[in-house]
$ cat protein.tsv   # TSV, C-alpha atoms
chain	number	residue	atom	x	y	z
A	1	MET	CA	19.11	19.18	-13.43
A	2	GLU	CA	15.88	20.41	-11.83
A	3	TRP	CA	12.24	19.34	-11.58
A	4	THR	CA	9.17	20.11	-9.46
A	5	ASP	CA	6.70	17.44	-8.38
A	6	GLU	CA	4.20	16.27	-5.77
A	7	GLY	CA	5.34	13.62	-3.33
A	8	ILE	CA	4.44	11.49	-0.32
A	9	VAL	CA	7.04	10.97	2.40
A	10	LEU	CA	8.01	7.29	2.76
A	11	GLY	CA	10.96	7.59	5.11
A	12	VAL	CA	13.69	9.82	6.50
A	13	ARG	CA	17.18	9.16	7.84
A	14	ARG	CA	19.52	11.64	9.44
A	15	HIS	CA	22.57	12.75	7.47
A	16	GLY	CA	25.31	14.60	9.30
A	17	GLU	CA	24.48	17.01	12.10
A	18	SER	CA	21.41	18.72	10.70
A	19	SER	CA	20.47	17.35	7.27
A	20	ALA	CA	18.30	14.37	6.32
A	21	ILE	CA	17.96	12.05	3.35
A	22	VAL	CA	14.28	11.95	2.46
A	23	GLU	CA	12.60	9.20	0.44
A	24	LEU	CA	9.49	10.27	-1.48
A	25	LEU	CA	7.07	8.57	-3.81
A	26	THR	CA	6.58	11.31	-6.38
A	27	ARG	CA	3.80	11.49	-8.93
A	28	SER	CA	5.95	11.79	-12.05
A	29	HIS	CA	9.43	10.70	-10.95
A	30	GLY	CA	8.66	7.60	-8.93
A	31	ARG	CA	10.38	6.60	-5.70
A	32	HIS	CA	13.14	9.14	-5.32
A	33	LEU	CA	15.70	10.14	-2.66
A	34	GLY	CA	17.06	13.60	-1.98
A	35	LEU	CA	18.98	15.51	0.69
A	36	VAL	CA	17.12	18.15	2.71
A	37	ARG	CA	19.39	20.70	4.36
A	38	GLY	CA	18.17	21.26	7.91
A	39	GLY	CA	15.87	18.24	7.57
A	40	ALA	CA	16.82	16.95	11.03
A	41	GLY	CA	15.99	20.26	12.71
A	42	LYS	CA	12.90	21.14	14.76
A	43	ARG	CA	11.32	23.23	12.01
A	44	MET	CA	11.50	20.57	9.29
A	45	ARG	CA	11.03	17.43	11.35
A	46	PRO	CA	7.19	17.64	11.60
A	47	LEU	CA	6.97	18.15	7.84
A	48	LEU	CA	9.20	15.20	6.94
A	49	GLN	CA	7.10	12.49	8.61
A	50	PRO	CA	5.97	9.35	6.71
A	51	GLY	CA	2.50	9.78	5.26
A	52	ASN	CA	2.71	13.53	4.71
A	53	SER	CA	2.14	14.98	1.25
A	54	VAL	CA	4.51	17.66	-0.04
A	55	THR	CA	5.48	19.62	-3.10
A	56	THR	CA	9.18	19.46	-3.85
A	57	VAL	CA	11.84	20.91	-6.08
A	58	TRP	CA	14.76	18.54	-6.76
A	59	ARG	CA	18.09	19.88	-7.98
A	60	ALA	CA	21.35	18.16	-8.85
A	61	ARG	CA	24.31	18.75	-11.13
A	62	LEU	CA	23.77	15.38	-12.87
A	63	ASP	CA	20.68	13.22	-13.09
A	64	GLU	CA	22.37	10.25	-11.37
A	65	HIS	CA	23.34	12.30	-8.30
A	66	LEU	CA	21.42	12.15	-5.00
A	67	GLY	CA	20.51	15.82	-5.33
A	68	TYR	CA	18.80	18.25	-2.98
A	69	TYR	CA	15.12	18.63	-2.11
A	70	ALA	CA	13.36	21.86	-1.21
A	71	VAL	CA	10.01	20.78	0.23
A	72	GLU	CA	6.76	22.41	1.31
A	73	GLY	CA	3.91	20.60	3.05
A	74	THR	CA	0.49	20.26	1.43
A	75	ARG	CA	-1.30	17.66	3.61
A	76	LEU	CA	0.31	16.93	6.96
A	77	ARG	CA	-1.45	13.69	7.92
A	78	ALA	CA	1.28	12.23	10.13
A	79	ALA	CA	0.02	13.65	13.44
A	80	THR	CA	-3.40	12.07	12.87
A	81	LEU	CA	-2.00	8.81	11.53
A	82	LEU	CA	0.41	8.34	14.42
A	83	ALA	CA	-2.45	8.68	16.91
A	84	THR	CA	-3.74	5.14	16.24
A	85	ALA	CA	-1.88	1.83	16.22
A	86	HIS	CA	-3.42	0.51	13.01
A	87	ALA	CA	-2.53	3.68	11.08
A	88	THR	CA	1.03	3.77	12.43
A	89	TYR	CA	1.63	0.18	11.33
A	90	GLY	CA	-0.27	0.77	8.09
A	91	VAL	CA	1.88	3.70	6.97
A	92	THR	CA	5.04	1.71	7.66
A	93	HIS	CA	3.73	-1.29	5.72
A	94	LEU	CA	2.59	0.84	2.77
A	95	ALA	CA	6.07	2.34	2.56
A	96	SER	CA	7.62	-1.15	2.56
A	97	LEU	CA	5.35	-2.15	-0.33
A	98	VAL	CA	6.23	0.95	-2.35
A	99	ARG	CA	9.93	0.13	-1.88
A	100	LEU	CA	9.35	-2.94	-4.03
A	101	LEU	CA	9.12	-0.57	-7.01
A	102	PRO	CA	12.29	0.33	-8.91
A	103	GLU	CA	13.79	3.64	-7.84
A	104	ARG	CA	13.06	6.64	-10.10
A	105	ASP	CA	10.53	4.67	-12.15
A	106	PRO	CA	7.17	6.53	-12.43
A	107	HIS	CA	4.06	4.68	-11.19
A	108	GLU	CA	1.37	7.36	-11.22
A	109	ASP	CA	-1.54	4.98	-10.54
A	110	ILE	CA	0.19	3.68	-7.42
A	111	TYR	CA	0.89	7.26	-6.33
A	112	GLU	CA	-2.80	8.14	-6.70
A	113	MET	CA	-3.90	5.03	-4.82
A	114	LEU	CA	-1.44	5.63	-1.98
A	115	ASP	CA	-2.65	9.22	-1.69
A	116	ARG	CA	-6.30	8.10	-1.44
A	117	THR	CA	-5.48	5.29	0.98
A	118	LEU	CA	-3.68	7.62	3.40
A	119	ASP	CA	-6.59	10.07	3.28
A	120	ASP	CA	-9.06	7.39	4.48
A	121	PHE	CA	-7.36	5.60	7.36
A	122	ASP	CA	-9.66	6.65	10.24
A	123	ASP	CA	-11.80	3.51	10.37
A	124	ALA	CA	-9.73	0.37	11.02
A	125	GLY	CA	-11.91	-1.90	8.88
A	126	GLY	CA	-11.92	0.55	6.01
A	127	ALA	CA	-8.17	0.99	6.29
A	128	ALA	CA	-7.72	-2.80	6.12
A	129	ALA	CA	-9.87	-3.05	2.99
A	130	HIS	CA	-7.92	-0.21	1.37
A	131	LEU	CA	-4.61	-1.87	2.23
A	132	ILE	CA	-5.73	-5.20	0.77
A	133	ARG	CA	-6.69	-3.41	-2.46
A	134	PHE	CA	-3.32	-1.65	-2.42
A	135	GLU	CA	-1.52	-4.99	-2.15
A	136	LEU	CA	-3.55	-6.26	-5.12
A	137	ALA	CA	-2.58	-3.15	-7.08
A	138	MET	CA	1.09	-3.68	-6.22
A	139	LEU	CA	0.89	-7.27	-7.49
A	140	ALA	CA	-0.52	-5.98	-10.78
A	141	GLU	CA	2.07	-3.19	-11.03
A	142	LEU	CA	4.88	-5.70	-10.54
A	143	GLY	CA	3.50	-8.01	-13.24
A	144	PHE	CA	1.68	-10.58	-11.09
A	145	GLY	CA	-1.88	-9.29	-11.16
A	146	LEU	CA	-4.79	-11.54	-10.21
A	147	ASP	CA	-7.72	-11.97	-12.59
A	148	LEU	CA	-10.77	-11.50	-10.37
A	149	GLU	CA	-13.28	-10.52	-13.08
A	150	ASN	CA	-13.90	-13.83	-14.85
A	151	CYS	CA	-14.06	-17.46	-13.78
A	152	ALA	CA	-10.81	-19.17	-14.74
A	153	ALA	CA	-12.71	-22.39	-15.52
A	154	THR	CA	-15.86	-21.20	-17.32
A	155	GLY	CA	-15.40	-17.50	-18.12
A	156	ALA	CA	-18.46	-16.62	-16.02
A	157	THR	CA	-18.60	-13.17	-14.44
A	158	THR	CA	-21.12	-13.90	-11.66
A	159	GLU	CA	-20.90	-15.69	-8.31
A	160	LEU	CA	-17.11	-15.48	-8.23
A	161	ILE	CA	-16.42	-16.62	-4.67
A	162	TYR	CA	-13.09	-18.48	-4.93
A	163	VAL	CA	-9.56	-17.86	-6.22
A	164	SER	CA	-7.29	-20.54	-7.61
A	165	PRO	CA	-4.02	-20.60	-5.63
A	166	LYS	CA	-2.23	-21.84	-8.77
A	167	SER	CA	-3.42	-19.44	-11.45
A	168	GLY	CA	-4.55	-16.46	-9.36
A	169	GLY	CA	-7.83	-16.46	-11.29
A	170	ALA	CA	-11.31	-16.20	-9.83
A	171	VAL	CA	-13.51	-19.30	-9.78
A	172	SER	CA	-17.31	-19.32	-9.73
A	173	ARG	CA	-19.38	-21.03	-7.07
A	174	ARG	CA	-20.53	-23.80	-9.41
A	175	ALA	CA	-17.14	-24.53	-10.97
A	176	GLY	CA	-15.30	-24.39	-7.66
A	177	GLU	CA	-17.65	-26.33	-5.42
A	178	PRO	CA	-16.00	-29.75	-6.00
A	179	TYR	CA	-12.59	-28.25	-5.18
A	180	ARG	CA	-13.51	-25.71	-2.53
A	181	ASP	CA	-11.11	-27.16	0.05
A	182	ARG	CA	-8.21	-26.37	-2.32
A	183	LEU	CA	-9.34	-22.87	-3.28
A	184	LEU	CA	-8.96	-19.52	-1.55
A	185	PRO	CA	-12.08	-17.54	-0.57
A	186	LEU	CA	-12.63	-14.33	-2.55
A	187	PRO	CA	-13.97	-11.67	-0.12
A	188	ALA	CA	-17.19	-9.95	-1.12
A	189	PHE	CA	-15.59	-6.48	-1.25
A	190	LEU	CA	-13.17	-7.67	-3.94
A	191	ARG	CA	-15.77	-9.32	-6.16
A	192	GLN	CA	-16.65	-7.75	-9.48
A	193	GLY	CA	-20.03	-6.00	-9.15
A	194	GLU	CA	-20.12	-6.34	-5.37
A	195	ARG	CA	-17.82	-3.54	-4.27
A	196	GLN	CA	-18.55	-2.91	-0.61
A	197	GLY	CA	-16.82	-0.91	2.02
A	198	GLU	CA	-17.46	2.69	1.13
A	199	GLY	CA	-19.09	3.37	4.48
A	200	GLY	CA	-18.62	2.50	8.12
A	201	ALA	CA	-16.87	-0.19	10.12
A	202	ASN	CA	-19.60	-2.82	9.58
A	203	ASP	CA	-19.19	-2.97	5.80
A	204	TRP	CA	-16.53	-5.70	6.08
A	205	SER	CA	-16.77	-8.81	8.19
A	206	ASP	CA	-13.72	-9.95	10.14
A	207	GLN	CA	-13.68	-13.06	7.94
A	208	ASP	CA	-13.68	-10.91	4.78
A	209	LEU	CA	-10.58	-9.08	5.99
A	210	GLN	CA	-8.81	-12.26	7.08
A	211	ASP	CA	-9.54	-13.85	3.69
A	212	GLY	CA	-8.32	-10.73	1.88
A	213	PHE	CA	-5.00	-10.63	3.70
A	214	ARG	CA	-4.52	-14.36	3.23
A	215	LEU	CA	-5.14	-13.96	-0.51
A	216	THR	CA	-2.80	-11.04	-1.16
A	217	GLY	CA	-0.24	-12.31	1.34
A	218	MET	CA	0.17	-15.66	-0.37
A	219	PHE	CA	0.74	-14.21	-3.85
A	220	LEU	CA	3.03	-11.44	-2.59
A	221	LEU	CA	5.20	-14.02	-0.84
A	222	ARG	CA	5.30	-16.42	-3.77
A	223	HIS	CA	5.86	-14.00	-6.63
A	224	VAL	CA	7.54	-10.94	-5.12
A	225	LEU	CA	9.03	-11.35	-1.66
A	226	GLU	CA	10.46	-14.87	-1.51
A	227	PRO	CA	12.30	-14.54	-4.87
A	228	ARG	CA	14.03	-11.50	-3.32
A	229	GLY	CA	14.85	-13.39	-0.13
A	230	GLN	CA	12.30	-11.35	1.83
A	231	GLY	CA	9.21	-12.00	3.90
A	232	HIS	CA	6.26	-9.87	4.96
A	233	SER	CA	7.14	-6.79	6.99
A	234	ASP	CA	6.61	-6.89	10.74
A	235	ALA	CA	4.41	-3.85	10.21
A	236	ARG	CA	1.96	-5.94	8.18
A	237	ASP	CA	1.42	-8.34	11.09
A	238	GLY	CA	1.22	-5.38	13.47
A	239	PHE	CA	-1.41	-3.73	11.28
A	240	ILE	CA	-3.56	-6.87	11.06
A	241	ASN	CA	-3.37	-7.40	14.84
A	242	ALA	CA	-4.21	-3.75	15.54
A	243	VAL	CA	-7.23	-3.88	13.20
A	244	THR	CA	-8.47	-7.10	14.83
A	245	LYS	CA	-8.19	-5.61	18.33
A	246	ASN	CA	-9.84	-2.36	17.26
A	247	ARG	CA	-12.81	-4.12	15.70
A	248	ALA	CA	-13.18	-6.47	18.68
A	249	ARG	CA	-13.22	-3.49	21.04
A	250	ILE	CA	-15.90	-1.73	18.96
A	251	SER	CA	-18.02	-4.91	18.78
A	252	SER	CA	-17.86	-5.46	22.55
A	253	ALA	CA	-18.94	-1.88	23.18
A	254	VAL	CA	-22.08	-2.18	21.02

$ encode --input "protein.tsv" --output "structure tokens"
Amino acid sequence: MEWTDEGIVLGVRRHGESSAIVELLTRSHGRHLGLVRGGAGKRMRPLLQPGNSVTTVWRARLDEHLGYYAVEGTRLRAATLLATAHATYGVTHLASLVRLLPERDPHEDIYEMLDRTLDDFDDAGGAAAHLIRFELAMLAELGFGLDLENCAATGATTELIYVSPKSGGAVSRRAGEPYRDRLLPLPAFLRQGERQGEGGANDWSDQDLQDGFRLTGMFLLRHVLEPRGQGHSDARDGFINAVTKNRARISSAV
């Protein structure tokens, strides 16, 4: 058995004296493990860091075997990502989200989104908005997508500022006003027709980001994590705290 694919490193663990078992999210073969001979050595270690993009050849005698990877780097982001606290936590949390996907099951849209997200992690606010969108995409990929394009009560497509915690559907300003204390805020950058956040750090308010993480966090816990006996990763809390501190430091310096 043999195939060639693009991949993003999710994690590595040492195997024996010099080898390593590497976990990749590949474009066409999903989340996939393989053994890299010499993967624990000085030459390979910088390449096999979470967040790096690689091309890989996987070989095994049978499809169900662990198999061997031969990898080459294409975009070595790890050194840049590990230089900031929010990016370090963010990469770890993204990997924990991807591990919710079945092994060896292709999810090309998630691969593409992870690739773009890792390429745009410099600005803490932008990284937070990307991560919130990634959590929304994971909910949809796992069968629990939120409907944020139409009002769940009226079908309206404008002034969608709330989300129903029961249905996961958007609710318009008019329909939701009598029940606003029971509804979740829908951040502006997630509203249909009001996509913000393609620029600098001021494109998202702190409240927008808090509301976004509260929204995705609640549905991830209810539908995905708690049924598996899990909770949010420590890296998620670390990422949110690092983003908050980073934005507070920038604001105080202005």

$ closest_residue --input "protein.tsv" --among "A:Ser28, A:Arg13, A:Asp211, A:Gly38" --to "A:Pro50" --atoms "only C-alpha atoms"
A:Arg13

$ atom_distance --input "protein.tsv" --atom1 "atom CA of A:Tyr162" --atom2 "atom CA of A:Thr92"
29.9 Å

$ closest_residue --input "protein.tsv" --among "A:Ala85, A:Leu215, A:Leu146, A:Ala140" --to "A:Ala124" --atoms "only C-alpha atoms"
A:Ala85

$ residues_around --input "protein.tsv" --residues "A:Val36" --least-positions-apart "5" --cutoff "7 Å" --atoms "all atoms listed in the file" --output "VMD selection string"
chain A and resid 19 to 22 68 to 70

$ write_last_selection --input "protein.tsv" --atoms "C-alpha atoms" --output "mmCIF file, keeping the file's coordinate frame"
data_model
loop_
_atom_site.group_PDB
_atom_site.id
_atom_site.type_symbol
_atom_site.label_atom_id
_atom_site.label_comp_id
_atom_site.auth_asym_id
_atom_site.auth_seq_id
_atom_site.Cartn_x
_atom_site.Cartn_y
_atom_site.Cartn_z
ATOM 1 C CA SER A 19 20.470 17.350 7.270
ATOM 2 C CA ALA A 20 18.300 14.370 6.320
ATOM 3 C CA ILE A 21 17.960 12.050 3.350
ATOM 4 C CA VAL A 22 14.280 11.950 2.460
ATOM 5 C CA TYR A 68 18.800 18.250 -2.980
ATOM 6 C CA TYR A 69 15.120 18.630 -2.110
ATOM 7 C CA ALA A 70 13.360 21.860 -1.210
#

$ atom_distance --input "protein.tsv" --atom1 "atom CA of A:Thr56" --atom2 "atom CA of A:Trp3"
8.3 Å

$ residues_around --input "protein.tsv" --residues "A:Ala60" --least-positions-apart "5" --cutoff "9 Å" --atoms "only C-alpha atoms" --output "NGL selection string"
:A and (1-2 or 65-68)
